[in-house]
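What follows is one structure encoded as structure tokens, with my remarks underneath.
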Amino acid sequence: MAKAKQEQPALRHGIKSWQVAFIGTGGVVGSCYFLGLGPLIHDMGPAVILAYLAVALVVYGMMLSYAELLVNLPRKGSFVSYTKEFLGRTAAVGIGWAFWFNWICYIPSEAIGVAVVINSFFPGNQMAYAAGVLFLLTVINLCAVDIFAKVESALAILKICIIALFCLIGLGVWIGLWGSGGFLGASVNFGGEDLLASLFPNGPVIVLTSMVVVLVNFQGIEILGLAASETQDAHTAVPKACKTATCMIMGMYLIPILIILGIFPTGLASLDSDIFSQVLAHYHLDFWAALLSSAVMFASFSCANTGLYGTVRCMYGLACEGLAPKVFSRLDRNGSPRPAVLFSLGAMWLVLMLGFSGGGSGLYQNLLSVAGFTGATAWMGIILCQLRFRRRLIKNGYDPERCLQAAVPRKKRWICLYALIGQGAALVMLAFGEGQQIVFLIACLAILIPALVSVLAGKLSQAANRPDGESEAGFETEFPPKQ
């Protein structure tokens with residue numbers, strides 16, 4: 001019996017430490033970055049930089065809390081396991097299934113984004129292109145995790161290079177080396193006498209009501225935590241990756257936005273194409289505009305690839321914790337949770353077909369706010385878990401400052417609290433946005449319905465039956481009360 005237990009497959013530790021940060025980056029920088037940034041710039045005007053700075057600080061606060069949990073109390077189910085242990089079973093069901101629902105809907109929209117780009121170069125059957133993307137994603141995620149890590153790291157590096165290329169070209173346009181505008185200085189968006197009116201051309205309220213959509217642009221970084229259980233040398237790699245990924249993403253968002261604001265009138269930005277191509281085409285740099293447009297294909301595929309990985313590991317974590325059918329905790333010989341992959345993929349196929357039946361572009365646009373809402377609840381859950389973790393440590397007689405590795409520094413704790421309060425305010429403001437009331441209701445139902453079903457149905461399985469034969473000690477075992 002003991003021998004059989006030892007031979008059970010386990011999640012394979014095939015992700016190298018340097019690849020973890022790139023996986024976090026891959027989950028964030030997708031078509032929403034290239035396509036969704038345009039409407040935000042159009043609606044918010046130059047104040048978009050303030051919105052991204054505010055959300056970047058939220059991300060940093062969340063990742064500080066996440067790193068402390070991941071290092072000191074590792075869990076296969078990541079934030080799902082933490083939510084169950086520190087916030088309760090009902091909260092874990094609601095947040096975990098809402099996270100799964102979020103990516104199940106969003107990944108097909110990324111597949112559609114890839115199909116749109118391919119179709120612009122090679123006109124054909126757009127549905128067939130999107131189906132091909134999902135098939136390729138399936139193959140990658142059914143392979144051993146080290147294959148996924150290599151593919152995603154390569155795609156993430158490619159995205160970084162593309163964004164760096166735009167920054168170089170855009171900086172050249174701003175100082176007048178090329179393009180058709182000469183030295184631009186602050187004349188494009190800040191040339192008026194009323195600085196406040198220039199900063200908020202459509203008023204400050206729209207910045208607040210659109211903050212959840214800005215949060216969407218950072219969704220996916222939490223997948224870094226889901227990858228932690230398959231990372232080599234996780235105790236040192238994870239906290240370093242949390243900081244590295246946060247800094248990389250801040251730079252990849254803030255620097256290009258500053259360049260865009262310096263050279264492109266915000267009123268011209270739209271969803272018709274990616275913002276980078278719009279900017280370069282405005283200055284008649286058509287070759288570079290076409291090259292940047294093709295980059296959306298790689299960004300979308302990379303984001304979808306990481307999203308599918310995160311979705312499957314979330315489902316696996318739910319099953320590990322007894323919050324989903326036990327079959328989804330089974331692993332194949334490669335250490336891949338095949339049943340969770342196939343079930344999640346089937347749901348994505350359904351969303352893809354529904355999306356094309358109602359128009360592909362509609363699917364993409366309608367999911368942004370829902371994704372921001374459900375993703376933000378997972379982030380808020382992480383911060384709340386870290387706060388409860390520290391309170392229970394103190395209650396059991398421990399000094400968090402001395403017993404914890406990768407602890408949140410005392411001087412930075414306010415950032416975690418700001419991240420918690422700021423996200424809560426953003427979720428409330430979503431309900432006051434124009435035409436967002438239905439989206440707000442759908443997002444709430446995505447959390448409340450699974451939680452209600454869990455309460456009514458009781459336990460689906462016993463969390464004590466670990467799928468891979470490796471028991472995870474609870475908080476009270478790791479940090480027993482001191483006498």
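Convention: chains lettered A, B, ... in structure tokens order; per-chain residue numbering from 1; ligands numbered from 1 as shown.
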
*Could you name the residues that touch Arg390 in chain A at 8 Å or less, counting only C-alpha atoms, but leaving out those on the same chain fewer than 4 positions away, as a list in words?*
Gln386, Ile394 and Pro400 of chain A

Open item on the list: Set the distance at 10 Å and use only C-alpha atoms: which residues neighbour Val296 in chain A once local chain neighbours fewer than 5 positions away are removed? I'd like the list as a ChimeraX atom specification.
Closed with: /A:29-35,110,113-114,116-117,159,162,273-274,276,291,301-302

Take CA of Met315 in chain A and CA of Ala340 in chain A and report the distance between them in Å, one decimal.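 Computed distance, CA of Met315 in chain A to CA of Ala340 in chain A, equals 6.2 Å.
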
Check your understanding: Any idea what's packed within 8 Å of Ala406 in chain A, counting only C-alpha atoms, ignoring anything in its chain fewer than 2 positions away? Could you give it as a PyMOL selection string?
Key -> chain A and resi 67-68+71-72+239+404+408

Restrict the selected residues to C-alpha atoms and save them as a compact mmCIF listing (two decimals), in the first residue's frame.
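Saved file selection00.txt follows:
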# COMPACT_ATOMS: atom_id res chain seq x y z
CA ALA A 67 5.34 36.08 -1.64
CA GLU A 68 5.08 35.92 2.16
CA VAL A 71 7.36 30.95 0.92
CA ASN A 72 6.23 30.35 4.50
CA PRO A 239 9.97 35.93 -3.76
CA LEU A 404 9.06 34.51 8.52
CA VAL A 408 6.47 42.04 4.06

Practice task
Find the residue from A:Ala443, A:Met297, A:Leu308, A:Ile206 that sits nearest to Leu142 in chain A; use only C-alpha atoms when measuring.
Solution key: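 Among the listed residues, the smallest separation from Leu142 in chain A belongs to A:Leu308.
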